[in-house]
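One file, work_15.cif, is given below (mmCIF, C-alpha atoms).
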```cif
data_start
loop_
_atom_site.label_atom_id
_atom_site.label_comp_id
_atom_site.auth_asym_id
_atom_site.auth_seq_id
_atom_site.Cartn_x
_atom_site.Cartn_y
_atom_site.Cartn_z
CA MET A 26 11.52 57.53 -64.54
CA LYS A 27 11.43 58.39 -68.20
CA ASN A 28 11.88 61.86 -69.59
CA VAL A 29 9.59 62.30 -72.52
CA LYS A 30 9.52 65.43 -74.61
CA VAL A 31 6.84 66.21 -77.15
CA TYR A 32 7.93 68.76 -79.74
CA GLY A 33 5.41 70.87 -81.60
CA PRO A 34 4.44 74.52 -82.06
CA GLY A 35 1.03 73.94 -80.52
CA CYS A 36 -1.18 72.55 -83.24
CA LYS A 37 -3.98 70.16 -82.45
CA ARG A 38 -2.01 67.09 -83.40
CA CYS A 39 0.77 68.04 -81.00
CA GLU A 40 -1.69 68.31 -78.13
CA THR A 41 -3.24 64.98 -79.04
CA THR A 42 0.21 63.42 -79.09
CA GLU A 43 0.99 64.75 -75.64
CA ALA A 44 -2.25 63.33 -74.30
CA MET A 45 -1.54 59.99 -75.98
CA VAL A 46 1.88 59.78 -74.36
CA LYS A 47 0.47 60.54 -70.92
CA ASP A 48 -2.32 58.00 -71.40
CA ALA A 49 0.06 55.30 -72.50
CA ALA A 50 2.39 55.93 -69.56
CA THR A 51 -0.47 55.74 -67.09
CA ARG A 52 -1.87 52.62 -68.72
CA LEU A 53 1.50 50.87 -68.68
CA GLY A 54 2.26 52.05 -65.16
CA ILE A 55 5.43 53.77 -66.29
CA GLU A 56 6.57 56.83 -64.43
CA ALA A 57 7.11 59.47 -67.04
CA ASN A 58 7.83 63.14 -66.97
CA VAL A 59 6.12 64.47 -70.08
CA GLU A 60 7.17 67.87 -71.25
CA LYS A 61 5.79 69.85 -74.16
CA ILE A 62 8.31 71.91 -76.13
CA THR A 63 6.88 74.65 -78.32
CA GLY A 64 9.81 76.97 -79.10
CA PRO A 65 10.96 76.79 -82.73
CA ARG A 66 14.60 76.98 -81.71
CA GLU A 67 14.31 74.11 -79.27
CA ILE A 68 12.40 72.05 -81.82
CA ALA A 69 15.13 72.60 -84.40
CA MET A 70 17.93 71.86 -81.93
CA ALA A 71 16.33 68.51 -81.15
CA GLY A 72 16.58 67.59 -84.81
CA VAL A 73 12.83 67.53 -85.27
CA MET A 74 11.65 68.70 -88.69
CA SER A 75 8.16 67.37 -88.90
CA THR A 76 6.04 67.87 -85.84
CA PRO A 77 4.89 66.43 -83.54
CA GLY A 78 8.18 64.82 -82.60
CA ILE A 79 8.87 62.68 -79.54
CA THR A 80 12.10 62.07 -77.68
CA ILE A 81 12.43 59.62 -74.82
CA ASP A 82 15.41 60.17 -72.53
CA GLY A 83 16.93 62.37 -75.21
CA LYS A 84 16.53 59.88 -78.04
CA LEU A 85 14.34 60.81 -80.98
CA VAL A 86 11.78 58.06 -81.57
CA HIS A 87 9.17 59.74 -83.72
CA ALA A 88 8.66 62.70 -86.03
CA GLY A 89 5.66 63.77 -88.04
CA GLY A 90 2.04 62.84 -87.50
CA LEU A 91 0.38 61.02 -84.67
CA PRO A 92 2.36 58.12 -83.31
CA GLY A 93 0.90 54.63 -83.56
CA LYS A 94 -0.49 53.36 -80.26
CA THR A 95 1.37 50.07 -80.25
CA LYS A 96 4.57 51.83 -81.29
CA LEU A 97 4.15 54.29 -78.46
CA ASP A 98 3.78 51.47 -75.95
CA GLU A 99 6.93 49.83 -77.30
CA TRP A 100 8.97 53.02 -77.03
CA LEU A 101 7.81 53.70 -73.50
CA SER A 102 8.46 50.20 -72.22
CA ALA A 103 11.83 49.87 -73.94
CA MET B 11 -8.35 50.37 -82.13
CA THR B 12 -11.27 48.72 -83.78
CA ALA B 13 -14.31 47.39 -82.06
CA GLU B 14 -13.16 43.83 -82.62
CA THR B 15 -10.29 44.04 -80.15
CA HIS B 16 -12.13 41.73 -77.76
CA GLU B 17 -12.07 38.93 -80.25
CA ILE B 18 -8.96 37.17 -81.33
CA THR B 19 -7.08 39.48 -83.63
CA PRO B 20 -7.58 38.17 -87.16
CA ARG B 21 -4.55 36.88 -88.97
CA PRO B 22 -2.81 39.77 -90.71
CA GLU B 23 -3.61 38.41 -94.18
CA ALA B 24 -7.31 38.29 -93.38
CA SER B 25 -7.44 41.86 -92.14
CA ASP B 26 -5.37 42.96 -95.14
CA LYS B 27 -8.00 41.49 -97.44
CA LEU B 28 -10.65 43.33 -95.48
CA TRP B 29 -8.81 46.59 -96.07
CA TYR B 30 -8.51 46.02 -99.81
CA ALA B 31 -12.17 45.05 -100.03
CA GLY B 32 -13.25 48.03 -97.94
CA ILE B 33 -11.32 50.53 -100.05
CA ALA B 34 -12.61 48.95 -103.27
CA ALA B 35 -16.19 49.05 -101.98
CA ALA B 36 -15.82 52.69 -100.93
CA ALA B 37 -14.47 53.52 -104.38
CA VAL B 38 -17.44 51.86 -106.09
CA VAL B 39 -19.99 53.56 -103.82
CA GLY B 40 -18.29 56.91 -104.37
CA TRP B 41 -18.25 56.36 -108.12
CA LEU B 42 -21.96 55.50 -108.22
CA ALA B 43 -22.83 58.48 -106.01
CA TYR B 44 -20.80 60.74 -108.29
CA GLY B 45 -23.03 59.72 -111.18
CA GLN B 46 -26.16 60.80 -109.32
CA LEU B 47 -25.11 64.37 -108.55
CA ILE B 48 -27.46 66.15 -110.96
CA PRO B 49 -30.62 64.17 -110.09
CA PHE B 50 -29.75 64.61 -106.41
CA SER B 51 -29.28 68.38 -106.64
CA GLU B 52 -32.48 68.79 -108.68
CA TRP B 53 -34.36 66.71 -106.14
CA VAL B 54 -33.05 68.85 -103.25
CA THR B 55 -33.85 72.08 -105.09
CA ALA B 56 -37.39 70.90 -105.74
CA LEU B 57 -37.91 70.57 -101.99
CA PHE B 58 -37.72 74.35 -101.65
CA PRO B 59 -40.75 76.47 -102.43
CA VAL B 60 -38.93 78.57 -105.02
CA ALA B 61 -38.96 78.58 -108.79
CA ARG B 62 -36.08 76.57 -110.24
CA ILE B 63 -35.08 79.39 -112.58
CA SER B 64 -35.20 82.13 -109.95
CA HIS B 65 -32.05 83.56 -108.39
CA THR B 66 -32.65 81.61 -105.21
CA GLY B 67 -33.40 78.42 -107.12
CA GLU B 68 -30.15 78.73 -109.06
CA ALA B 69 -28.18 79.33 -105.87
CA ILE B 70 -29.74 76.35 -104.11
CA ALA B 71 -29.12 74.08 -107.09
CA PHE B 72 -25.48 75.18 -107.24
CA PHE B 73 -25.04 74.48 -103.54
CA ALA B 74 -26.81 71.12 -103.58
CA TYR B 75 -24.77 70.00 -106.59
CA ASP B 76 -21.39 71.24 -105.40
CA VAL B 77 -21.43 70.10 -101.77
CA PRO B 78 -21.59 66.35 -102.41
CA LYS B 79 -19.42 66.70 -105.50
CA VAL B 80 -16.63 68.58 -103.74
CA LEU B 81 -16.76 66.32 -100.70
CA LEU B 82 -16.55 63.19 -102.86
CA LEU B 83 -13.69 64.61 -104.90
CA LEU B 84 -11.91 65.91 -101.83
CA THR B 85 -12.13 62.56 -100.06
CA SER B 86 -10.71 60.62 -102.98
CA ILE B 87 -7.96 63.16 -103.70
CA VAL B 88 -6.87 63.30 -100.07
CA PHE B 89 -6.88 59.52 -99.85
CA VAL B 90 -4.79 58.97 -102.98
CA THR B 91 -2.42 61.77 -102.00
CA GLY B 92 -2.06 60.36 -98.50
CA VAL B 93 -1.09 56.97 -99.91
CA LEU B 94 1.37 58.47 -102.42
CA ARG B 95 2.95 60.73 -99.84
CA SER B 96 3.62 57.83 -97.50
CA TRP B 97 6.67 57.15 -99.68
CA PHE B 98 8.05 60.60 -98.90
CA SER B 99 9.09 62.40 -95.74
CA PRO B 100 10.64 65.78 -94.93
CA GLU B 101 13.78 63.98 -93.79
CA LYS B 102 14.26 62.17 -97.09
CA THR B 103 13.44 65.31 -99.06
CA ARG B 104 15.98 67.28 -97.12
CA ALA B 105 18.67 64.72 -97.82
CA ILE B 106 17.87 64.95 -101.54
CA LEU B 107 17.92 68.74 -101.60
CA ALA B 108 20.88 69.46 -99.34
CA GLY B 109 23.58 71.28 -101.27
CA LYS B 110 21.54 71.37 -104.49
CA ARG B 111 22.54 74.79 -105.71
CA GLU B 112 22.51 73.97 -109.39
CA ILE B 113 19.63 74.94 -111.56
CA LEU B 114 17.88 71.58 -111.29
CA GLY B 115 17.50 72.01 -107.54
CA TYR B 116 14.62 74.46 -107.96
CA PRO B 117 12.17 72.42 -110.04
CA LEU B 118 13.16 69.38 -108.01
CA ALA B 119 12.32 71.25 -104.80
CA ALA B 120 9.01 72.38 -106.25
CA MET B 121 8.15 68.81 -107.19
CA LEU B 122 9.10 67.51 -103.76
CA GLY B 123 7.10 70.35 -102.22
CA VAL B 124 4.02 68.82 -103.77
CA LEU B 125 4.88 65.25 -102.78
CA THR B 126 6.26 65.69 -99.27
CA PRO B 127 3.75 65.50 -96.45
CA PHE B 128 3.93 68.49 -94.13
CA CYS B 129 1.33 70.60 -92.43
CA SER B 130 1.60 74.36 -92.30
CA CYS B 131 2.08 74.25 -88.53
CA SER B 132 5.35 72.40 -89.21
CA SER B 133 6.67 74.96 -91.64
CA VAL B 134 8.96 76.67 -89.14
CA PRO B 135 10.82 73.58 -87.93
CA LEU B 136 10.90 72.40 -91.52
CA PHE B 137 12.35 75.67 -92.72
CA ILE B 138 15.04 75.61 -90.06
CA GLY B 139 15.76 71.96 -90.67
CA PHE B 140 16.26 72.59 -94.39
CA VAL B 141 18.35 75.74 -94.12
CA SER B 142 20.58 74.47 -91.34
CA ALA B 143 21.31 71.28 -93.27
CA GLY B 144 22.61 73.22 -96.23
CA VAL B 145 19.55 73.32 -98.43
CA PRO B 146 20.01 76.69 -100.21
CA LEU B 147 17.53 79.34 -99.18
CA GLY B 148 16.11 79.77 -102.69
CA VAL B 149 15.58 76.03 -103.06
CA THR B 150 13.81 76.01 -99.69
CA PHE B 151 11.49 78.74 -100.92
CA SER B 152 10.68 76.81 -104.09
CA PHE B 153 9.72 73.91 -101.85
CA LEU B 154 7.58 76.02 -99.53
CA ILE B 155 5.76 77.85 -102.32
CA ALA B 156 4.98 74.77 -104.39
CA GLY B 157 3.52 72.82 -101.47
CA PRO B 158 0.32 74.82 -101.14
CA MET B 159 0.32 76.42 -104.59
CA VAL B 160 0.15 73.27 -106.71
CA GLY B 161 -1.19 70.94 -104.08
CA PRO B 162 -3.17 67.94 -105.34
CA VAL B 163 -6.38 69.07 -103.63
CA GLY B 164 -6.45 72.34 -105.58
CA LEU B 165 -5.54 70.68 -108.87
CA GLY B 166 -7.95 67.80 -108.47
CA LEU B 167 -10.88 70.05 -107.61
CA LEU B 168 -10.02 72.43 -110.42
CA TYR B 169 -10.05 69.46 -112.76
CA GLY B 170 -13.38 68.21 -111.43
CA LEU B 171 -15.16 71.56 -111.19
CA VAL B 172 -13.71 73.68 -113.97
CA GLY B 173 -12.14 71.24 -116.43
CA TRP B 174 -8.79 69.82 -117.42
CA LYS B 175 -7.63 72.73 -119.56
CA ILE B 176 -7.66 75.25 -116.78
CA ALA B 177 -6.29 72.69 -114.31
CA THR B 178 -3.34 72.10 -116.63
CA ILE B 179 -2.71 75.81 -117.10
CA TYR B 180 -2.81 76.24 -113.36
CA LEU B 181 -0.39 73.36 -112.81
CA VAL B 182 2.13 74.65 -115.35
CA PHE B 183 2.05 78.24 -114.14
CA GLY B 184 1.88 77.46 -110.43
CA PHE B 185 4.86 75.17 -110.80
CA SER B 186 6.78 77.74 -112.83
CA ILE B 187 6.12 80.48 -110.28
CA ALA B 188 7.39 78.27 -107.45
CA THR B 189 10.51 77.37 -109.42
CA ILE B 190 11.31 80.84 -110.70
CA ALA B 191 10.49 82.68 -107.47
CA GLY B 192 12.84 80.33 -105.59
CA TYR B 193 15.53 80.85 -108.21
CA VAL B 194 15.21 84.64 -108.11
CA MET B 195 15.34 84.69 -104.32
CA GLY B 196 18.32 82.34 -104.40
CA LYS B 197 20.16 84.79 -106.63
CA MET B 198 19.40 87.70 -104.32
CA GLY B 199 21.55 86.35 -101.49
CA LEU B 200 18.97 86.82 -98.78
CA GLU B 201 20.64 84.76 -96.06
CA ARG B 202 21.46 87.93 -94.14
CA TYR B 203 17.75 88.67 -93.75
CA LEU B 204 17.02 85.57 -91.75
CA GLN B 205 16.34 86.17 -88.09
CA ASP B 206 19.70 86.27 -86.30
CA TRP B 207 19.15 83.19 -84.25
CA VAL B 208 18.31 81.13 -87.33
CA ARG B 209 21.48 82.19 -89.10
CA ASP B 210 23.65 81.29 -86.14
CA LEU B 211 21.86 78.09 -85.42
CA ASN B 212 23.55 74.80 -85.86
CA ALA B 213 20.55 72.61 -85.59
CA GLY B 214 21.09 69.19 -84.20
CA PRO B 215 21.46 66.46 -86.73
CA VAL B 216 18.11 65.09 -87.69
CA GLY B 217 17.79 62.07 -85.49
CA ASP B 218 18.09 58.88 -87.42
CA LEU B 219 14.69 57.42 -87.01
CA PRO B 220 14.75 53.68 -87.28
CA GLU B 221 13.45 52.73 -90.71
CA GLU B 222 10.06 51.27 -89.99
CA LYS B 223 8.72 48.51 -92.13
CA ILE B 224 5.61 49.79 -93.82
CA THR B 225 3.26 47.47 -95.64
CA PHE B 226 0.95 48.57 -98.42
CA VAL B 227 -2.01 48.25 -96.08
CA ASP B 228 -0.25 50.64 -93.70
CA ARG B 229 -0.12 53.13 -96.56
CA LEU B 230 -3.83 52.67 -97.19
CA LYS B 231 -4.40 53.31 -93.49
CA THR B 232 -2.34 56.49 -93.77
CA GLY B 233 -4.64 57.56 -96.59
CA VAL B 234 -7.76 56.95 -94.52
CA GLU B 235 -6.18 58.75 -91.57
CA GLN B 236 -5.48 61.74 -93.82
CA VAL B 237 -9.06 61.77 -95.04
CA ARG B 238 -10.36 61.81 -91.50
CA GLU B 239 -8.03 64.59 -90.48
CA ILE B 240 -8.10 66.84 -93.54
CA VAL B 241 -11.73 66.45 -94.55
CA GLY B 242 -12.62 66.77 -90.88
CA ASN B 243 -10.81 70.10 -90.75
CA VAL B 244 -11.67 71.72 -94.06
CA TRP B 245 -15.32 70.78 -94.56
CA ILE B 246 -16.46 74.04 -93.00
CA TRP B 247 -14.29 76.03 -95.44
CA VAL B 248 -15.72 73.96 -98.24
CA LEU B 249 -19.27 74.82 -97.20
CA ILE B 250 -18.44 78.51 -96.86
CA GLY B 251 -16.70 78.53 -100.24
CA ILE B 252 -19.59 76.77 -101.95
CA GLY B 253 -22.03 79.12 -100.19
CA ILE B 254 -20.21 82.14 -101.62
CA GLY B 255 -20.02 80.41 -105.00
CA ALA B 256 -23.77 79.76 -104.87
CA LEU B 257 -24.52 83.41 -104.10
CA ILE B 258 -22.33 84.54 -106.99
CA HIS B 259 -23.91 81.97 -109.28
CA GLY B 260 -27.45 82.90 -108.31
CA TYR B 261 -27.39 86.64 -107.73
CA VAL B 262 -24.45 88.42 -109.31
CA PRO B 263 -25.43 89.80 -112.74
CA GLU B 264 -23.06 88.96 -115.56
CA ALA B 265 -22.76 92.59 -116.59
CA MET B 266 -21.46 93.49 -113.17
CA MET B 267 -18.98 90.61 -113.21
CA LEU B 268 -17.65 91.76 -116.58
CA THR B 269 -17.08 95.26 -115.23
CA ILE B 270 -15.27 94.12 -112.09
CA MET B 271 -13.44 91.00 -113.24
CA GLY B 272 -13.69 91.25 -117.00
CA ASN B 273 -10.92 91.33 -119.56
CA ASP B 274 -10.90 95.08 -119.97
CA ALA B 275 -10.44 96.04 -116.36
CA TRP B 276 -6.63 95.91 -116.16
CA TRP B 277 -6.64 96.86 -112.47
CA SER B 278 -8.70 93.82 -111.62
CA VAL B 279 -5.59 91.58 -111.65
CA PRO B 280 -3.69 93.43 -108.90
CA ALA B 281 -6.96 93.96 -107.06
CA ALA B 282 -7.61 90.20 -107.14
CA VAL B 283 -4.16 89.56 -105.66
CA VAL B 284 -4.64 92.11 -102.89
CA VAL B 285 -8.07 90.76 -102.01
CA GLY B 286 -6.71 87.23 -101.98
CA VAL B 287 -3.94 87.69 -99.40
CA PRO B 288 -5.98 88.21 -96.22
CA MET B 289 -8.52 85.60 -97.30
CA TYR B 290 -7.77 82.66 -95.13
CA THR B 291 -9.09 79.52 -96.65
CA ASN B 292 -7.63 76.65 -98.56
CA ALA B 293 -7.77 75.24 -102.05
CA ALA B 294 -10.90 73.25 -101.30
CA GLY B 295 -12.73 76.38 -100.18
CA VAL B 296 -11.65 78.69 -102.97
CA ILE B 297 -12.24 76.52 -106.02
CA PRO B 298 -16.05 76.55 -105.82
CA ILE B 299 -15.75 80.35 -105.84
CA VAL B 300 -13.46 80.14 -108.86
CA GLU B 301 -16.00 77.89 -110.57
CA ALA B 302 -18.78 80.43 -110.00
CA LEU B 303 -16.63 83.39 -111.08
CA LEU B 304 -15.61 81.75 -114.34
CA GLY B 305 -19.21 80.70 -114.97
CA LYS B 306 -20.28 84.31 -114.73
CA GLY B 307 -17.71 85.43 -117.27
CA ALA B 308 -14.85 86.59 -115.07
CA ALA B 309 -11.61 86.76 -117.04
CA LEU B 310 -9.38 83.69 -116.66
CA GLY B 311 -6.24 85.68 -115.82
CA THR B 312 -7.96 87.64 -113.06
CA THR B 313 -9.51 84.50 -111.61
CA LEU B 314 -6.22 82.58 -111.70
CA ALA B 315 -4.50 85.50 -109.96
CA PHE B 316 -7.16 85.55 -107.28
CA MET B 317 -6.92 81.83 -106.70
CA MET B 318 -3.13 81.74 -106.59
CA SER B 319 -3.05 84.66 -104.20
CA VAL B 320 -5.53 83.09 -101.81
CA ILE B 321 -3.69 79.78 -101.79
CA ALA B 322 -0.02 80.79 -101.98
CA LEU B 323 0.09 84.10 -100.12
CA SER B 324 -1.71 83.70 -96.86
CA LEU B 325 -1.39 86.08 -93.97
CA PRO B 326 -1.38 83.40 -91.23
CA GLU B 327 1.46 81.62 -93.03
CA MET B 328 3.43 84.89 -93.08
CA ILE B 329 2.86 85.36 -89.37
CA ILE B 330 4.17 81.87 -88.71
CA LEU B 331 7.22 82.51 -90.89
CA LYS B 332 7.91 85.77 -89.06
CA GLN B 333 9.57 83.61 -86.40
CA VAL B 334 12.38 82.79 -88.78
CA LEU B 335 12.33 85.51 -91.44
CA THR B 336 12.78 89.23 -90.92
CA LEU B 337 10.00 91.50 -92.13
CA ARG B 338 12.21 92.55 -94.97
CA LEU B 339 12.61 89.00 -96.19
CA ILE B 340 8.88 88.38 -95.88
CA ALA B 341 8.26 91.50 -97.95
CA ILE B 342 10.67 90.29 -100.63
CA PHE B 343 9.03 86.89 -100.60
CA ILE B 344 5.59 88.42 -101.07
CA ALA B 345 6.84 90.78 -103.77
CA VAL B 346 8.51 88.03 -105.80
CA VAL B 347 5.60 85.61 -105.59
CA ALA B 348 3.05 88.36 -106.23
CA SER B 349 4.98 89.43 -109.35
CA GLY B 350 4.76 85.90 -110.69
CA ILE B 351 1.02 85.81 -109.99
CA LEU B 352 0.48 89.22 -111.59
CA ALA B 353 2.43 88.17 -114.67
CA THR B 354 0.31 85.04 -114.98
CA GLY B 355 -2.89 87.06 -114.60
CA PHE B 356 -1.95 89.71 -117.16
CA LEU B 357 -0.69 87.11 -119.60
CA PHE B 358 -3.94 85.18 -119.65
CA ASN B 359 -6.10 88.26 -119.81
CA ALA B 360 -4.04 89.42 -122.78
CA ILE B 361 -4.08 86.21 -124.83
CA LEU B 362 -7.64 85.08 -124.22
#
```
Show the structure stored in the file as structure tokens.
Amino acid sequence: MKNVKVYGPGCKRCETTEAMVKDAATRLGIEANVEKITGPREIAMAGVMSTPGITIDGKLVHAGGLPGKTKLDEWLSA
Amino acid sequence: MTAETHEITPRPEASDKLWYAGIAAAAVVGWLAYGQLIPFSEWVTALFPVARISHTGEAIAFFAYDVPKVLLLLTSIVFVTGVLRSWFSPEKTRAILAGKREILGYPLAAMLGVLTPFCSCSSVPLFIGFVSAGVPLGVTFSFLIAGPMVGPVGLGLLYGLVGWKIATIYLVFGFSIATIAGYVMGKMGLERYLQDWVRDLNAGPVGDLPEEKITFVDRLKTGVEQVREIVGNVWIWVLIGIGIGALIHGYVPEAMMLTIMGNDAWWSVPAAVVVGVPMYTNAAGVIPIVEALLGKGAALGTTLAFMMSVIALSLPEMIILKQVLTLRLIAIFIAVVASGILATGFLFNAIL
């Protein structure tokens, strides 16, 4: 079970990112709990400056822009 | 993923060559199309059952000329900017600016504001990230003002639609306003007007993202991605802006323009600033309007003030920043930037 958090104030790209993460998890058959974090304070506390940001089990793997698909698969299966 | 995923993935070198060839081909096609703008717009205008020299004919010709022109310019500017910006990131910029209190920090921040990729929806986390890492507040403001104010899209379109002289004036003054406004706000000691929670916040360290290896083709892909995203989002503003520009070009009498936005109407500069604030559009949408205004004899200072106000002082941006700044600080921010814009407007109306 992986805990994935997607950080973003709610722009379109952040929503796309969330959907991409969920898709990738389903496709890879990985159980993932995907949570969307929109509060500015929480985003800052996670060390995310450019949104959307992604943490997996508390570790920041991505910040700024849409993640690459292959990259996303790698992070999830790691 | 491309359509060819079923086949064996081509060797990286081969697909790299394809990318270079594709970009080069697109550049050539765009260049050739750019040369055909006037014949194209005349051809389109002739399709309408109106006299070419009538008000309507003029408006249609303006529209038919500007739409492909702006879209071509916009696409190439966004692409080149996207590639250039792939060398920069908010994280790197923050590391450069942290602790820069000396005088050079402000112009440096303004320059990085232009070069660092960030979208306005990220401005809150970015603001917090900067301030909590010890980037002085004034320097942060220089960064945030310069980003939209002297963005490449605005400058490039101004260059293409109005000419290099005015584009250069805009660049110099926009950059100076960003630098000086940040400096002035830095001197005012405004930290106490941040929202409480921001002041007390010790943001987590920016996570060390593993340095990814990026090839030049990856940068080209970033550029194309940017084109898809930005042009896909702003085209409607571009059409609206050109539509308004076309109406002004076709229907507004020059005499009226001179009364409202002429050199003698001193009040037109503050009025242009006030009108500009609630206008929510972007550089790509406002420059066709600027083009039409200047063509009709609007004073340069007034027009510059209008354009700067639309681009740099936007109401939605203020509402976003309200999460981290108190109303008082937002008011100071608006007052300082507006003063710079007013000064620019009055100066140009006086000397030209």
- Message: Expand the PyMOL selection byres ((chain B and resi 319-329) around 8) into the explicit residue set it covers here, and present it as number ranges by chain.
- Response: B: 130, 155, 158-159, 282-284, 286-293, 296, 315-318, 330-333, 340, 344, 347-348, 351
- So which residues get picked by the PyMOL selection byres ((chain A) within 6 of (chain B)) here, written as a list in words? Ala69, Met70, Ala71, Gly72, Met74, Ser75, Thr76 and Leu85 of chain A
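Of note, CA of Thr80 (chain A) and CA of Arg66 (chain A) are spaced 15.6 Å apart.
The residue that comes closest to Thr336 (chain B), out of B:Leu200, B:Ser64, B:Val38, B:Ile190 and on the basis of all atoms listed in the file, is B:Leu200.
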- Please write as a list in words the full residue list that the PyMOL selection byres ((chain A and resi 35) around 9) yields on this file.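 After applying the PyMOL selection byres ((chain A and resi 35) around 9), what remains is Tyr32, Gly33, Pro34, Cys36, Lys37, Arg38, Cys39, Glu40, Lys61, Ile62, Thr63 and Pro77 of chain A; Cys131 of chain B.
The coordinates place CA of Gly355 (chain B) at 5.3 Å from CA of Thr312 (chain B).
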